[in-house]
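Colleague: Sending over a structure as structure tokens; questions will come in a sec.
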Amino acid sequence: MRAAESAWPRRPGEVVDTARLSEGEKKRLVARLHEREIERCAASFEHFLLTYVKTKDEHDRTTPVKSIPDKGYLKFLAKEFQHGPDVIYVAKSRQLMVSWVLSALTVWTILFRPHSLVCFQSKKEDDAASMLYKDGPGVGRASFIMANLPDWLQICVVMDADGKTKNVRYNLGQQTFSYGQITMPNGSQAIALAQGAAQVESKVPTLFISDESSLQDEWRSSWAAAMPCVDGGGRALAVATMRLPSAYGDEIAPCDDVDPDDVMRGIARFTTAGGGYGLRIHYSADPMKDPATEVGAKWYAAATARMPQGANGADWQAHYEISPAAIAGTRVVPYWDAIEEKVRLPRLLLPEARVRAWRIDAGFDYGARNDSVLLVFANDYEGNRYAVWEMCVPGNEVGGIAGLAKLMKACPYFGQINGRIQSDPTIWNKDQNTTGGLISKAQIFQQHGVRLTKARTNGREADDIFVNRLHGSYFAGYEEQGFIPRLFISEDCPALLRCMGRLRYADFKGAAAEVNAHKEQIIGKGVDPFDAAKYAEVAAPAPPVFMGEDMRKAGSFNYLLDLVRREVSKTAGVEIGTITRS
């Protein structure tokens, strides 16, 4: 063996004595090392992304071209997008470079998988084209990545009929790029699509990316049209910031119910409304934006200051906090954060004596795929109201109406509320097929021992009644020192507790376009517990009216006792001693 040959590397990581090599051998060595690196890139999207992908920062005047930063959450995403489930839903904060990762994944797929097809869909074709190619390689993100790869990596893997592969260079001209399309020498292609199922149905993508899914009015039909590609070994990713109301927003709304740091700081896995695999990517995953870090705290302060209404505004909550409740309007109970600890009670089971003496009422909102909710309230002698028990479960997960009835009858207060459960009047519509003809859901519940009552008021009128009582009676004086609420919610009612802080009014412009009345619709995740609560509320005793500086309540036990004491004193001429109730 020649001495020079012993200097060639025979395994990764082996040290090579280049001083002993000729110029020709050095060139062959470099070529061999490049081949090994190409193989490594082909095997690992994470390595390709973090080692060779360049991005552009339009705000940086000195060094606008930058490498993908070596951050933990980006490594995690790279692994999930390559090795995770075939279908992934992503709910993300803005400015986390996720769109750059998707563009890099597109490039990686068409470079290293011959005859692959990547479909990149957005609301408009122009939006999708900006992620691939527009007006030159330096504009679209995927073409920018391809143009900024090292010269030796500007290749794609070509496979012949016998399965043998070789690396072939691509050029940066019209042979490769056209508006919204990238066509490779290995038969692979990436195309930009506008929204709509028709854009997808004639294609069998290797990788289907739905970007800004919550902005796509036709997202659900487009997504359904792409699913057959998964059955054939493809992969589908849907990505967006939170925006409701939208089909995608409804799908990923459960992301708000998980520990935000489930996997790592700022990253959580969750199950979507349809049972899919979801990833929640919060800005705190980035150490440069994590308010727990010094630099992140500075970014947070500056970023929230630029947003309308700051961190509590709907824009910040939707775009950064991934909050399903952040629609476009204001919170129904904007001061909830300040009073929650006073409203929340430990788990509460009323003694039997109080169950018999106090007024117990309930509200029910039916849902088959969505949650069915039963809420039970108790009312004491002084006008205080307590949410004491909750059932919140999709009907189709517990055996339909029969299963729901069984759970409702397990309520410890069922004997007091059966026959007085206020429910949405629509469930009396005869829309259930039986052998005896059409009957209503309410009739089926009655067959299973649960007697429901039509709510006296439904829809937005009931919304107004409940909200007016919240602000005018139950939480009146919330801004004052020593505030004591008149509505208390037990920890046995977690859905109602979550609901109170999430509900928002729909954007007024949108609401005004639908109706002439000057009323805004209440929308957002958690509406089902709210609806059950409002049905119970319209049948509840009217809250007492506050009177005098000492806020004594007209109609309360103490108020009536004082009234009797004063009247008796006037006629009898004697002072009545202190009376206390048991």
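Each chain in the structure tokens gets a letter, A, B and so on, in the order shown; residues start at 1 in every chain, and ligands are counted from 1 in the order they appear.
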Each residue of segment 100-132 of chain A with at least one atom at most 9 Å from segment 31-54 of chain A should appear once, together with its nearest atom pair and the corresponding distance in Å (one decimal); atoms considered: only C-alpha atoms; ordering: chain, then increasing residue number; output as a tab-separated table.
Modeller:
residue	atom	partner	partner_atom	distance
A:Val101	CA	A:Leu49	CA	7.6
A:Ala104	CA	A:Leu49	CA	6.7
A:Leu105	CA	A:Phe45	CA	7.3
A:Trp108	CA	A:Phe45	CA	6.8
A:Thr109	CA	A:Ala42	CA	8.7
A:Leu111	CA	A:Ala42	CA	8.2
A:Phe112	CA	A:Ala42	CA	5.5
A:Arg113	CA	A:Ala42	CA	8.3
Colleague: Quick one: residues within 12 Å of Leu193 of chain A, only C-alpha atoms counted, chain neighbours fewer than 5 positions away excluded, as a VMD selection string?
Modeller: chain A and resid 118 to 132 179 to 181 198 to 201 203 205 208 to 211 216 222
Colleague: Which residues, written as an mmCIF file with N, CA, C and O atoms, in the first residue's frame, have at least one atom at most 8 Å from Gln189 of chain A, with only C-alpha atoms counted and residues fewer than 5 positions away on the same chain left out?
Modeller:
data_model
loop_
_atom_site.group_PDB
_atom_site.id
_atom_site.type_symbol
_atom_site.label_atom_id
_atom_site.label_comp_id
_atom_site.auth_asym_id
_atom_site.auth_seq_id
_atom_site.Cartn_x
_atom_site.Cartn_y
_atom_site.Cartn_z
ATOM 1 N N ILE A 110 -37.236 17.878 -1.819
ATOM 2 C CA ILE A 110 -37.052 17.796 -3.271
ATOM 3 C C ILE A 110 -35.590 17.552 -3.652
ATOM 4 O O ILE A 110 -35.307 17.044 -4.747
ATOM 5 N N HIS A 115 -38.282 12.290 -7.396
ATOM 6 C CA HIS A 115 -39.679 12.191 -7.848
ATOM 7 C C HIS A 115 -40.674 12.513 -6.724
ATOM 8 O O HIS A 115 -41.776 11.952 -6.689
ATOM 9 N N SER A 116 -40.279 13.383 -5.812
ATOM 10 C CA SER A 116 -41.199 13.802 -4.751
ATOM 11 C C SER A 116 -41.993 15.025 -5.220
ATOM 12 O O SER A 116 -41.582 15.744 -6.136
ATOM 13 N N LEU A 117 -43.130 15.233 -4.570
ATOM 14 C CA LEU A 117 -43.981 16.391 -4.861
ATOM 15 C C LEU A 117 -44.335 17.065 -3.552
ATOM 16 O O LEU A 117 -44.902 16.436 -2.652
ATOM 17 N N VAL A 118 -43.994 18.334 -3.453
ATOM 18 C CA VAL A 118 -44.358 19.124 -2.276
ATOM 19 C C VAL A 118 -45.404 20.144 -2.701
ATOM 20 O O VAL A 118 -45.177 20.930 -3.628
ATOM 21 N N GLN A 181 -43.208 27.736 -8.543
ATOM 22 C CA GLN A 181 -42.826 26.354 -8.801
ATOM 23 C C GLN A 181 -41.310 26.187 -8.773
ATOM 24 O O GLN A 181 -40.571 27.088 -9.158
ATOM 25 N N ILE A 182 -40.870 25.016 -8.319
ATOM 26 C CA ILE A 182 -39.467 24.616 -8.380
ATOM 27 C C ILE A 182 -39.439 23.209 -8.970
ATOM 28 O O ILE A 182 -40.098 22.305 -8.445
ATOM 29 N N THR A 183 -38.704 23.030 -10.063
ATOM 30 C CA THR A 183 -38.630 21.733 -10.733
ATOM 31 C C THR A 183 -37.175 21.274 -10.755
ATOM 32 O O THR A 183 -36.295 21.999 -11.233
ATOM 33 N N MET A 184 -36.914 20.082 -10.237
ATOM 34 C CA MET A 184 -35.557 19.590 -10.070
ATOM 35 C C MET A 184 -35.188 18.553 -11.129
ATOM 36 O O MET A 184 -36.068 17.872 -11.673
#
Colleague: Give me the residues within 7 Å of Asn418 of chain A as a ChimeraX atom specification, counting only C-alpha atoms and dropping any in the same chain fewer than 3 places off.
Modeller: /A:414-415,421,450-451
Colleague: Can you list, as a list of chain:residue names, every protein, DNA or RNA residue that comes within 9 Å of His471 of chain A when you count only C-alpha atoms, leaving out same-chain residues fewer than 6 positions away?
Modeller: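 After dropping sequence-adjacent residues, the list is A:Val333, A:Gly477, A:Tyr478.
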Colleague: Which residue, A:Thr165, A:Gln416, A:Gln443, A:Ser213, has the smallest gap to Asn429 of chain A when you use only C-alpha atoms?
Modeller: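 Among the listed residues, A:Gln443 lies closest to Asn429 of chain A.
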